[in-house]
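> One file: upload.pdb (PDB, C-alpha atoms).
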```
ATOM      1  CA  MET K1109       0.000   0.000   0.000
ATOM      2  CA  ALA K1110       2.822   2.349   0.867
ATOM      3  CA  LYS K1111       4.507   1.671  -2.472
ATOM      4  CA  ASP K1112       1.298   2.394  -4.368
ATOM      5  CA  ALA K1113       0.898   5.648  -2.533
ATOM      6  CA  ASP K1114       4.446   6.639  -3.506
ATOM      7  CA  GLU K1115       3.807   5.821  -7.159
ATOM      8  CA  GLU K1116       0.579   7.732  -7.056
ATOM      9  CA  ALA K1117       2.413  10.726  -5.689
ATOM     10  CA  LEU K1118       4.793  10.645  -8.674
ATOM     11  CA  THR K1119       2.109  10.542 -11.343
ATOM     12  CA  TRP K1120      -0.321  13.145 -12.633
ATOM     13  CA  ALA K1121      -4.008  12.601 -12.457
ATOM     14  CA  GLY K1122      -5.435  11.827 -15.893
ATOM     15  CA  ASP K1123      -2.154  10.474 -17.258
ATOM     16  CA  SER K1124      -3.979   7.534 -18.790
ATOM     17  CA  ASP K1125      -6.367   9.848 -20.621
ATOM     18  CA  PRO K1126      -5.952   9.091 -24.376
ATOM     19  CA  THR K1127      -6.768  12.644 -25.343
ATOM     20  CA  HIS K1128      -3.906  13.897 -23.177
ATOM     21  CA  VAL K1129      -0.827  14.713 -25.232
ATOM     22  CA  SER K1130       1.720  12.875 -23.079
ATOM     23  CA  GLY K1131      -0.637  10.181 -21.913
ATOM     24  CA  LYS K1132      -0.530   6.565 -23.070
ATOM     25  CA  PRO K1133      -3.323   5.448 -25.349
ATOM     26  CA  ALA K1134      -5.907   3.378 -23.530
ATOM     27  CA  VAL K1135      -6.113   0.802 -26.337
ATOM     28  CA  ALA K1136      -3.089  -0.065 -28.439
ATOM     29  CA  GLY K1137      -5.012  -0.460 -31.692
ATOM     30  CA  ALA K1138      -7.332   2.463 -31.216
ATOM     31  CA  ALA K1139      -7.839   4.784 -34.161
ATOM     32  CA  PRO K1140      -6.277   8.209 -33.836
ATOM     33  CA  VAL K1141      -8.588  11.030 -32.950
ATOM     34  CA  LYS K1142      -9.537  13.032 -36.051
ATOM     35  CA  VAL K1143      -9.052  16.747 -35.772
ATOM     36  CA  GLY K1144     -11.526  18.828 -37.711
ATOM     37  CA  GLY K1145     -13.793  15.918 -38.552
ATOM     38  CA  GLY K1146     -14.103  16.856 -42.205
ATOM     39  CA  GLY K1147     -13.339  13.410 -43.513
ATOM     40  CA  SER K1148     -12.594  14.485 -47.093
ATOM     41  CA  SER K1149      -9.505  16.485 -47.814
ATOM     42  CA  LEU K1150      -8.531  17.921 -51.185
ATOM     43  CA  SER K1151      -5.067  17.808 -52.605
ATOM     44  CA  PRO K1152      -3.195  21.117 -52.850
ATOM     45  CA  VAL K1153      -3.406  21.036 -56.663
ATOM     46  CA  LEU K1154      -7.185  20.738 -56.526
ATOM     47  CA  LEU K1155      -7.391  23.475 -53.944
ATOM     48  CA  ILE K1156      -5.382  25.786 -56.203
ATOM     49  CA  LEU K1157      -7.584  24.852 -59.192
ATOM     50  CA  PHE K1158     -10.762  25.578 -57.266
ATOM     51  CA  GLY K1159      -9.288  28.854 -56.100
ATOM     52  CA  VAL K1160      -8.352  29.872 -59.637
ATOM     53  CA  ILE K1161     -11.823  29.005 -60.928
ATOM     54  CA  ALA K1162     -13.409  30.917 -58.064
ATOM     55  CA  GLY K1163     -11.311  33.927 -59.022
ATOM     56  CA  VAL K1164     -12.360  33.611 -62.657
ATOM     57  CA  TYR K1165     -16.015  33.409 -61.595
ATOM     58  CA  LEU K1166     -15.578  36.519 -59.475
ATOM     59  CA  LEU K1167     -14.068  38.336 -62.439
ATOM     60  CA  TYR K1168     -16.988  37.185 -64.596
ATOM     61  CA  ALA K1169     -19.469  38.588 -62.095
ATOM     62  CA  ILE K1170     -17.590  41.890 -62.020
ATOM     63  CA  GLY K1171     -17.496  41.926 -65.829
ATOM     64  CA  TRP K1172     -21.238  41.359 -66.122
ATOM     65  CA  GLY K1173     -21.813  44.039 -63.476
ATOM     66  CA  ILE K1174     -19.684  46.606 -65.302
ATOM     67  CA  ASP K1175     -21.468  45.800 -68.563
ATOM     68  CA  ALA K1176     -24.872  46.143 -66.931
ATOM     69  CA  PHE K1177     -24.101  49.470 -65.280
ATOM     70  CA  THR K1178     -22.405  51.060 -68.288
ATOM     71  CA  HIS K1179     -25.043  50.288 -70.915
ATOM     72  CA  SER K1180     -28.374  52.001 -71.349
ATOM     73  CA  LEU K1181     -31.513  49.904 -71.589
ATOM     74  CA  PRO K1182     -32.254  48.992 -75.231
ATOM     75  CA  VAL K1183     -35.962  48.349 -74.561
ATOM     76  CA  ALA K1184     -38.993  50.555 -73.977
ATOM     77  CA  GLY K1185     -41.921  50.033 -71.619
ATOM     78  CA  VAL K1186     -42.096  49.235 -67.932
ATOM     79  CA  LEU K1187     -42.356  45.437 -68.052
ATOM     80  CA  PRO K1188     -39.659  44.934 -70.715
ATOM     81  CA  GLN K1189     -37.331  47.223 -68.783
ATOM     82  CA  ILE K1190     -37.952  45.344 -65.533
ATOM     83  CA  MET K1191     -37.393  42.003 -67.214
ATOM     84  CA  TYR K1192     -34.279  43.224 -69.001
ATOM     85  CA  GLN K1193     -32.811  44.440 -65.723
ATOM     86  CA  LEU K1194     -33.750  41.132 -64.106
ATOM     87  CA  GLY K1195     -31.847  39.410 -66.896
ATOM     88  CA  GLU K1196     -28.817  41.612 -66.269
ATOM     89  CA  PHE K1197     -28.976  40.826 -62.565
ATOM     90  CA  LEU K1198     -29.226  37.110 -63.307
ATOM     91  CA  ALA K1199     -26.222  37.411 -65.610
ATOM     92  CA  ILE K1200     -24.246  39.030 -62.772
ATOM     93  CA  VAL K1201     -25.098  36.255 -60.304
ATOM     94  CA  SER K1202     -24.952  33.478 -62.904
ATOM     95  CA  PRO K1203     -21.394  32.357 -61.952
ATOM     96  CA  ALA K1204     -22.461  31.972 -58.319
ATOM     97  CA  LEU K1205     -25.664  30.176 -59.324
ATOM     98  CA  TRP K1206     -23.708  27.866 -61.615
ATOM     99  CA  ALA K1207     -21.297  26.966 -58.829
ATOM    100  CA  LEU K1208     -24.185  26.420 -56.392
ATOM    101  CA  ALA K1209     -26.035  24.161 -58.833
ATOM    102  CA  GLY K1210     -22.894  22.132 -59.430
ATOM    103  CA  TRP K1211     -22.367  21.818 -55.697
ATOM    104  CA  VAL K1212     -25.926  20.583 -55.203
ATOM    105  CA  LEU K1213     -26.141  18.243 -58.183
ATOM    106  CA  LEU K1214     -22.697  16.662 -58.205
ATOM    107  CA  LYS K1215     -20.895  14.937 -55.371
ATOM    108  CA  LYS K1216     -17.633  13.744 -56.923
ATOM    109  CA  THR K1217     -14.762  16.185 -57.158
ATOM    110  CA  PRO K1218     -13.773  15.460 -60.816
ATOM    111  CA  PHE K1219     -17.336  16.043 -61.988
ATOM    112  CA  ARG K1220     -17.552  19.253 -59.997
ATOM    113  CA  LEU K1221     -14.304  20.418 -61.549
ATOM    114  CA  LEU K1222     -15.588  19.589 -65.030
ATOM    115  CA  TRP K1223     -18.844  21.411 -64.290
ATOM    116  CA  LEU K1224     -16.917  24.505 -63.204
ATOM    117  CA  PHE K1225     -14.768  24.399 -66.356
ATOM    118  CA  VAL K1226     -17.911  24.237 -68.502
ATOM    119  CA  GLY K1227     -19.172  27.257 -66.605
ATOM    120  CA  VAL K1228     -15.967  29.139 -67.404
ATOM    121  CA  ILE K1229     -16.736  28.658 -71.106
ATOM    122  CA  LEU K1230     -20.497  29.274 -70.948
ATOM    123  CA  LEU K1231     -20.680  32.278 -68.666
ATOM    124  CA  ALA K1232     -17.945  34.458 -70.092
ATOM    125  CA  PRO K1233     -19.050  38.114 -70.219
ATOM    126  CA  TRP K1234     -18.490  38.637 -73.932
ATOM    127  CA  PRO K1235     -20.159  42.076 -74.018
ATOM    128  CA  PHE K1236     -17.532  43.185 -71.508
ATOM    129  CA  ILE K1237     -14.598  41.307 -73.106
ATOM    130  CA  ILE K1238     -15.411  42.478 -76.667
ATOM    131  CA  PRO K1239     -17.156  45.822 -76.285
ATOM    132  CA  GLY K1240     -19.303  46.633 -79.295
TER     133      GLY K1240
ATOM    134  CA  MET E  88     -39.320  -9.923 -32.560
ATOM    135  CA  PRO E  89     -38.809 -11.240 -36.099
ATOM    136  CA  LYS E  90     -38.466 -14.756 -34.701
ATOM    137  CA  GLY E  91     -41.771 -14.537 -32.905
ATOM    138  CA  LEU E  92     -43.402 -13.084 -36.007
ATOM    139  CA  SER E  93     -42.150 -15.880 -38.241
ATOM    140  CA  GLY E  94     -43.222 -18.461 -35.677
ATOM    141  CA  LYS E  95     -46.692 -16.989 -35.663
ATOM    142  CA  LEU E  96     -46.826 -16.958 -39.427
ATOM    143  CA  LYS E  97     -45.787 -20.576 -39.457
ATOM    144  CA  MET E  98     -48.645 -21.443 -37.176
ATOM    145  CA  ASP E  99     -51.085 -19.478 -39.249
ATOM    146  CA  SER E 100     -50.134 -21.428 -42.345
ATOM    147  CA  GLY E 101     -51.513 -24.511 -40.619
ATOM    148  CA  LYS E 102     -48.456 -26.698 -41.105
ATOM    149  CA  ASP E 103     -48.154 -27.917 -37.470
ATOM    150  CA  ALA E 104     -51.580 -28.225 -35.937
ATOM    151  CA  THR E 105     -50.347 -29.725 -32.650
ATOM    152  CA  LEU E 106     -48.023 -26.816 -32.081
ATOM    153  CA  ALA E 107     -50.840 -24.384 -32.616
ATOM    154  CA  LYS E 108     -52.864 -26.211 -29.998
ATOM    155  CA  GLN E 109     -50.107 -26.256 -27.402
ATOM    156  CA  THR E 110     -48.937 -22.693 -27.582
ATOM    157  CA  PRO E 111     -50.950 -19.590 -26.932
ATOM    158  CA  PRO E 112     -51.224 -17.215 -29.889
ATOM    159  CA  VAL E 113     -49.259 -14.369 -28.302
ATOM    160  CA  GLY E 114     -46.309 -14.512 -25.924
ATOM    161  CA  GLY E 115     -45.979 -18.254 -25.970
ATOM    162  CA  ALA E 116     -42.201 -18.180 -25.867
ATOM    163  CA  GLU E 117     -42.099 -17.504 -22.125
ATOM    164  CA  SER E 118     -44.502 -20.295 -21.166
ATOM    165  CA  GLY E 119     -41.927 -22.901 -20.101
ATOM    166  CA  PRO E 120     -41.710 -26.001 -22.245
ATOM    167  CA  ALA E 121     -43.646 -24.495 -25.084
ATOM    168  CA  GLY E 122     -40.816 -22.026 -25.790
ATOM    169  CA  PRO E 123     -38.398 -24.407 -27.530
ATOM    170  CA  GLU E 124     -41.215 -25.859 -29.580
ATOM    171  CA  ILE E 125     -41.879 -22.512 -31.145
ATOM    172  CA  VAL E 126     -38.253 -22.098 -32.087
ATOM    173  CA  LYS E 127     -38.094 -25.585 -33.588
ATOM    174  CA  PRO E 128     -40.126 -24.959 -36.735
ATOM    175  CA  GLU E 129     -37.883 -22.093 -37.815
ATOM    176  CA  PRO E 130     -35.066 -24.211 -39.311
ATOM    177  CA  ALA E 131     -37.710 -26.108 -41.237
ATOM    178  CA  LYS E 132     -38.912 -22.835 -42.800
ATOM    179  CA  PRO E 133     -37.112 -23.285 -46.142
ATOM    180  CA  ALA E 134     -38.350 -26.861 -46.328
ATOM    181  CA  ALA E 135     -41.925 -25.687 -46.278
ATOM    182  CA  GLY E 136     -41.769 -25.260 -50.047
ATOM    183  CA  LYS E 137     -43.412 -21.873 -50.027
ATOM    184  CA  PRO E 138     -41.569 -18.917 -51.500
ATOM    185  CA  SER E 139     -40.676 -16.216 -49.037
ATOM    186  CA  SER E 140     -42.719 -13.633 -50.877
ATOM    187  CA  ALA E 141     -45.847 -15.586 -50.101
ATOM    188  CA  THR E 142     -45.821 -14.470 -46.490
ATOM    189  CA  PRO E 143     -47.420 -11.136 -45.701
ATOM    190  CA  ALA E 144     -44.337  -9.955 -43.814
ATOM    191  CA  ALA E 145     -42.127 -10.418 -46.860
ATOM    192  CA  THR E 146     -44.434  -8.461 -49.130
ATOM    193  CA  ALA E 147     -44.566  -5.577 -46.693
ATOM    194  CA  VAL E 148     -40.838  -5.318 -45.967
ATOM    195  CA  GLY E 149     -38.914  -6.669 -48.957
ATOM    196  CA  PRO E 150     -37.922  -3.786 -51.240
ATOM    197  CA  SER E 151     -37.036  -6.025 -54.182
ATOM    198  CA  LYS E 152     -40.057  -8.287 -54.336
ATOM    199  CA  GLY E 153     -42.581  -6.353 -52.288
ATOM    200  CA  GLU E 154     -45.419  -5.219 -54.464
ATOM    201  CA  PRO E 155     -46.608  -2.289 -52.324
ATOM    202  CA  VAL E 156     -43.181  -0.630 -52.600
ATOM    203  CA  LYS E 157     -43.273  -0.387 -56.396
ATOM    204  CA  PRO E 158     -46.065   2.172 -56.728
ATOM    205  CA  GLN E 159     -44.191   4.491 -54.339
ATOM    206  CA  SER E 160     -41.046   4.374 -56.481
ATOM    207  CA  LYS E 161     -43.107   5.062 -59.612
ATOM    208  CA  LYS E 162     -44.790   8.017 -57.984
ATOM    209  CA  GLY E 163     -43.882  11.180 -59.851
ATOM    210  CA  PRO E 164     -43.049  14.641 -58.597
ATOM    211  CA  SER E 165     -45.475  16.351 -56.255
ATOM    212  CA  TRP E 166     -47.880  19.116 -57.182
ATOM    213  CA  PHE E 167     -45.622  21.648 -55.442
ATOM    214  CA  TRP E 168     -42.720  20.515 -57.634
ATOM    215  CA  TRP E 169     -44.857  21.102 -60.734
ATOM    216  CA  THR E 170     -46.046  24.467 -59.401
ATOM    217  CA  VAL E 171     -42.454  25.678 -59.035
ATOM    218  CA  ALA E 172     -41.642  24.311 -62.489
ATOM    219  CA  ILE E 173     -44.603  26.152 -64.058
ATOM    220  CA  LEU E 174     -43.784  29.417 -62.264
ATOM    221  CA  PHE E 175     -40.245  29.275 -63.596
ATOM    222  CA  ALA E 176     -41.644  28.373 -67.009
ATOM    223  CA  LEU E 177     -43.237  31.833 -67.139
ATOM    224  CA  LEU E 178     -39.816  33.453 -66.744
ATOM    225  CA  TYR E 179     -38.346  31.170 -69.388
ATOM    226  CA  ALA E 180     -41.299  31.997 -71.645
ATOM    227  CA  TRP E 181     -40.452  35.676 -71.338
ATOM    228  CA  ASP E 182     -36.889  34.908 -72.409
ATOM    229  CA  LEU E 183     -38.271  32.970 -75.368
ATOM    230  CA  PHE E 184     -40.561  35.878 -76.278
ATOM    231  CA  GLU E 185     -37.615  38.287 -76.107
ATOM    232  CA  ALA E 186     -35.513  36.007 -78.309
ATOM    233  CA  LEU E 187     -38.312  35.682 -80.888
ATOM    234  CA  ALA E 188     -38.893  39.428 -80.905
ATOM    235  CA  ASN E 189     -35.174  39.939 -81.282
ATOM    236  CA  MET E 190     -34.970  37.526 -84.195
ATOM    237  CA  PHE E 191     -37.855  39.056 -86.149
ATOM    238  CA  GLY E 192     -36.824  42.597 -85.242
ATOM    239  CA  VAL E 193     -33.202  42.149 -86.309
ATOM    240  CA  SER E 194     -34.128  40.398 -89.563
ATOM    241  CA  ASP E 195     -36.660  43.126 -90.465
ATOM    242  CA  GLN E 196     -34.199  45.854 -89.611
ATOM    243  CA  LEU E 197     -31.414  44.251 -91.624
ATOM    244  CA  ASN E 198     -33.727  43.709 -94.611
ATOM    245  CA  TRP E 199     -34.671  47.363 -94.585
ATOM    246  CA  LEU E 200     -31.021  48.338 -94.218
ATOM    247  CA  ASN E 201     -29.992  46.050 -97.074
ATOM    248  CA  GLU E 202     -32.579  47.646 -99.378
ATOM    249  CA  PHE E 203     -31.191  51.035 -98.525
ATOM    250  CA  ARG E 204     -27.628  49.821 -99.148
ATOM    251  CA  GLU E 205     -28.543  48.291-102.502
ATOM    252  CA  GLN E 206     -30.161  51.541-103.598
ATOM    253  CA  ASN E 207     -26.979  53.389-102.721
ATOM    254  CA  GLY E 208     -24.559  50.852-104.214
ATOM    255  CA  LEU E 209     -23.203  49.551-100.894
ATOM    256  CA  ASN E 210     -22.478  46.004 -99.836
ATOM    257  CA  THR E 211     -25.326  44.197 -98.115
ATOM    258  CA  VAL E 212     -25.072  42.508 -94.736
ATOM    259  CA  ALA E 213     -26.149  38.886 -94.239
ATOM    260  CA  ILE E 214     -28.649  38.212 -91.480
ATOM    261  CA  PRO E 215     -26.871  36.264 -88.676
ATOM    262  CA  TRP E 216     -29.457  33.491 -88.463
ATOM    263  CA  VAL E 217     -27.288  31.088 -86.470
ATOM    264  CA  PRO E 218     -26.911  33.170 -83.288
ATOM    265  CA  LEU E 219     -30.522  34.340 -83.600
ATOM    266  CA  VAL E 220     -31.854  30.777 -83.791
ATOM    267  CA  ILE E 221     -29.550  29.647 -80.960
ATOM    268  CA  ASN E 222     -30.917  32.516 -78.888
ATOM    269  CA  VAL E 223     -34.461  31.242 -79.512
ATOM    270  CA  ALA E 224     -33.579  27.629 -78.732
ATOM    271  CA  LEU E 225     -31.590  28.482 -75.598
ATOM    272  CA  PRO E 226     -34.475  29.007 -73.111
ATOM    273  CA  ILE E 227     -36.333  25.917 -74.349
ATOM    274  CA  VAL E 228     -33.305  23.649 -74.171
ATOM    275  CA  VAL E 229     -32.139  24.953 -70.805
ATOM    276  CA  TYR E 230     -35.601  24.704 -69.241
ATOM    277  CA  PHE E 231     -36.226  21.119 -70.241
ATOM    278  CA  LEU E 232     -32.650  20.163 -69.404
ATOM    279  CA  SER E 233     -33.128  21.640 -65.930
ATOM    280  CA  LEU E 234     -36.357  19.676 -65.477
ATOM    281  CA  PHE E 235     -34.633  16.499 -66.650
ATOM    282  CA  VAL E 236     -31.661  16.953 -64.338
ATOM    283  CA  SER E 237     -33.789  17.607 -61.270
ATOM    284  CA  ARG E 238     -36.681  15.245 -62.028
ATOM    285  CA  LYS E 239     -35.848  12.994 -59.064
ATOM    286  CA  ARG E 240     -34.752  15.774 -56.723
ATOM    287  CA  ASN E 241     -36.726  17.812 -54.256
ATOM    288  CA  VAL E 242     -38.233  21.236 -54.875
ATOM    289  CA  GLY E 243     -35.260  23.132 -53.448
ATOM    290  CA  VAL E 244     -32.841  21.541 -55.883
ATOM    291  CA  LEU E 245     -35.314  22.139 -58.718
ATOM    292  CA  ALA E 246     -35.533  25.834 -57.827
ATOM    293  CA  ILE E 247     -31.741  26.174 -57.646
ATOM    294  CA  VAL E 248     -31.261  24.417 -60.996
ATOM    295  CA  LEU E 249     -33.988  26.439 -62.718
ATOM    296  CA  LEU E 250     -32.570  29.680 -61.296
ATOM    297  CA  CYS E 251     -29.118  28.680 -62.507
ATOM    298  CA  GLY E 252     -30.650  27.960 -65.912
ATOM    299  CA  LEU E 253     -32.185  31.438 -65.976
ATOM    300  CA  GLY E 254     -28.750  32.870 -65.273
ATOM    301  CA  VAL E 255     -27.245  30.834 -68.107
ATOM    302  CA  VAL E 256     -30.013  31.974 -70.474
ATOM    303  CA  ALA E 257     -29.528  35.605 -69.453
ATOM    304  CA  ALA E 258     -25.756  35.480 -69.907
ATOM    305  CA  GLY E 259     -26.093  33.571 -73.177
ATOM    306  CA  SER E 260     -28.714  35.966 -74.558
ATOM    307  CA  LEU E 261     -26.623  39.026 -73.761
ATOM    308  CA  SER E 262     -23.538  37.424 -75.325
ATOM    309  CA  LEU E 263     -25.473  36.363 -78.437
ATOM    310  CA  ALA E 264     -26.972  39.833 -78.777
ATOM    311  CA  GLU E 265     -23.448  41.237 -78.708
ATOM    312  CA  LEU E 266     -22.377  38.694 -81.345
ATOM    313  CA  VAL E 267     -25.338  39.591 -83.555
ATOM    314  CA  GLY E 268     -24.433  43.248 -83.239
ATOM    315  CA  LEU E 269     -20.867  42.498 -84.313
ATOM    316  CA  LEU E 270     -21.920  40.314 -87.265
ATOM    317  CA  ALA E 271     -24.550  42.747 -88.517
ATOM    318  CA  ARG E 272     -22.157  45.625 -88.929
TER     319      ARG E 272
END
```
Starting from the file, give its structure as structure tokens.


Amino acid sequence: MAKDADEEALTWAGDSDPTHVSGKPAVAGAAPVKVGGGGSSLSPVLLILFGVIAGVYLLYAIGWGIDAFTHSLPVAGVLPQIMYQLGEFLAIVSPALWALAGWVLLKKTPFRLLWLFVGVILLAPWPFIIPG
Amino acid sequence: MPKGLSGKLKMDSGKDATLAKQTPPVGGAESGPAGPEIVKPEPAKPAAGKPSSATPAATAVGPSKGEPVKPQSKKGPSWFWWTVAILFALLYAWDLFEALANMFGVSDQLNWLNEFREQNGLNTVAIPWVPLVINVALPIVVYFLSLFVSRKRNVGVLAIVLLCGLGVVAAGSLSLAELVGLLAR
């Protein structure tokens, strides 16, 4: 009993806690504790690609916005003007909507990447790139 | 629970009449010697010769052979899904109307301009039919493609996809209008 008391005096309480940094794991074959809990991690190349595409989409939105605010309305009448401006607004947010739809519809990363590349081709603001 | 249910079904099929007499209909497993006798018929279940789908439990639970499950999988989209689709169809119809008006307006204007150019000895300009027709087809194709893509999804996904399609149609129409303007110079 006296020996146990001495050993107890030389140890810290909670030393056997597996979450403790210096503590021994309770079970030898236990899985390591996941930090973050995300589960899926992207490679750095994919992260850079997604970042580049996000930047391109942001530039597209800015391009559509500049085109919409620098051109006068080519239609007459209240309803056509409202609908034309709605179309311009939808063109501005179309890159974000495209990315959102791809995120909702597709689950695999290669397909999402392909979807975003198709969006880069489809949603280019040609009236801003080639001003008439 | 499934064991007790299958034991009961066995008794209902009338295969072992003595067993049905000895055991009470419900909760017979705890009644001493009758317990093992209920468990006994279970290994003989495949030897009964009846297919598993013949039992009522199998038809209710089995997703592959159960008949009541099939009508649920064939059930189409809800009325709310169709309501959202029709409301978005109005916006797509406006885009189609704009594209048609654009096509007829541009062709009329270019015809008038070409007459004027011919009278003054200038070169005529061809009507850019390809971008004009693509502009007309764009809302139709995108709308039905959106419906096809989200036919088995819920209303939220349908709304997102249709809204995305409207954005694509808007961006495409503005780009095609710019292209028509460049070609008609």

> Enumerate, as number ranges by chain, the residues matched when the PyMOL selection byres ((chain E) within 6 of (chain K)) is run on the file above.

E: 248, 251, 254, 257-258, 262, 265

> What's the separation between CA of Phe231 in chain E and CA of Tyr179 in chain E, in Å to one decimal place?

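Atom-to-atom, CA of Phe231 in chain E and CA of Tyr179 in chain E are spaced 10.3 Å apart.
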
> As a PDB file with C-alpha atoms, keeping the file's coordinate frame, please: the residues near range 183-199 of chain E (cut-off 9 Å, all atoms listed in the file, same-chain neighbours under 4 positions excluded).


```
ATOM      1  CA  PRO K1188     -39.659  44.934 -70.715  1.00  0.00           C
TER       2      PRO K1188
ATOM      3  CA  LEU E 178     -39.816  33.453 -66.744  1.00  0.00           C
ATOM      4  CA  TYR E 179     -38.346  31.170 -69.388  1.00  0.00           C
ATOM      5  CA  PHE E 203     -31.191  51.035 -98.525  1.00  0.00           C
ATOM      6  CA  ARG E 204     -27.628  49.821 -99.148  1.00  0.00           C
ATOM      7  CA  THR E 211     -25.326  44.197 -98.115  1.00  0.00           C
ATOM      8  CA  VAL E 212     -25.072  42.508 -94.736  1.00  0.00           C
ATOM      9  CA  ALA E 213     -26.149  38.886 -94.239  1.00  0.00           C
ATOM     10  CA  ILE E 214     -28.649  38.212 -91.480  1.00  0.00           C
ATOM     11  CA  PRO E 215     -26.871  36.264 -88.676  1.00  0.00           C
ATOM     12  CA  TRP E 216     -29.457  33.491 -88.463  1.00  0.00           C
ATOM     13  CA  LEU E 219     -30.522  34.340 -83.600  1.00  0.00           C
ATOM     14  CA  VAL E 220     -31.854  30.777 -83.791  1.00  0.00           C
ATOM     15  CA  ASN E 222     -30.917  32.516 -78.888  1.00  0.00           C
ATOM     16  CA  VAL E 223     -34.461  31.242 -79.512  1.00  0.00           C
ATOM     17  CA  ALA E 224     -33.579  27.629 -78.732  1.00  0.00           C
ATOM     18  CA  LEU E 225     -31.590  28.482 -75.598  1.00  0.00           C
ATOM     19  CA  PRO E 226     -34.475  29.007 -73.111  1.00  0.00           C
ATOM     20  CA  ILE E 227     -36.333  25.917 -74.349  1.00  0.00           C
ATOM     21  CA  SER E 260     -28.714  35.966 -74.558  1.00  0.00           C
ATOM     22  CA  ALA E 264     -26.972  39.833 -78.777  1.00  0.00           C
ATOM     23  CA  VAL E 267     -25.338  39.591 -83.555  1.00  0.00           C
ATOM     24  CA  ALA E 271     -24.550  42.747 -88.517  1.00  0.00           C
TER      25      ALA E 271
END
```

> Once the PyMOL selection byres ((chain E and resi 241-247) around 9) has been applied to the shown file, what residues remain in the selection, as a list of chain:residue names?

K:Leu1205, K:Leu1208, K:Ala1209, K:Val1212, K:Leu1213, E:Pro164, E:Ser165, E:Phe167, E:Trp168, E:Trp169, E:Val171, E:Ala172, E:Phe175, E:Ser233, E:Leu234, E:Val236, E:Ser237, E:Arg238, E:Lys239, E:Arg240, E:Val248, E:Leu249, E:Leu250, E:Cys251, E:Gly252

> Residues at most 12 Å from range 1154-1158 of chain K, counting only C-alpha atoms, excluding those fewer than 5 positions away in the same chain, as a PyMOL selection string?

chain K and resi 1149+1163-1165+1207+1217-1218+1220-1225+1228
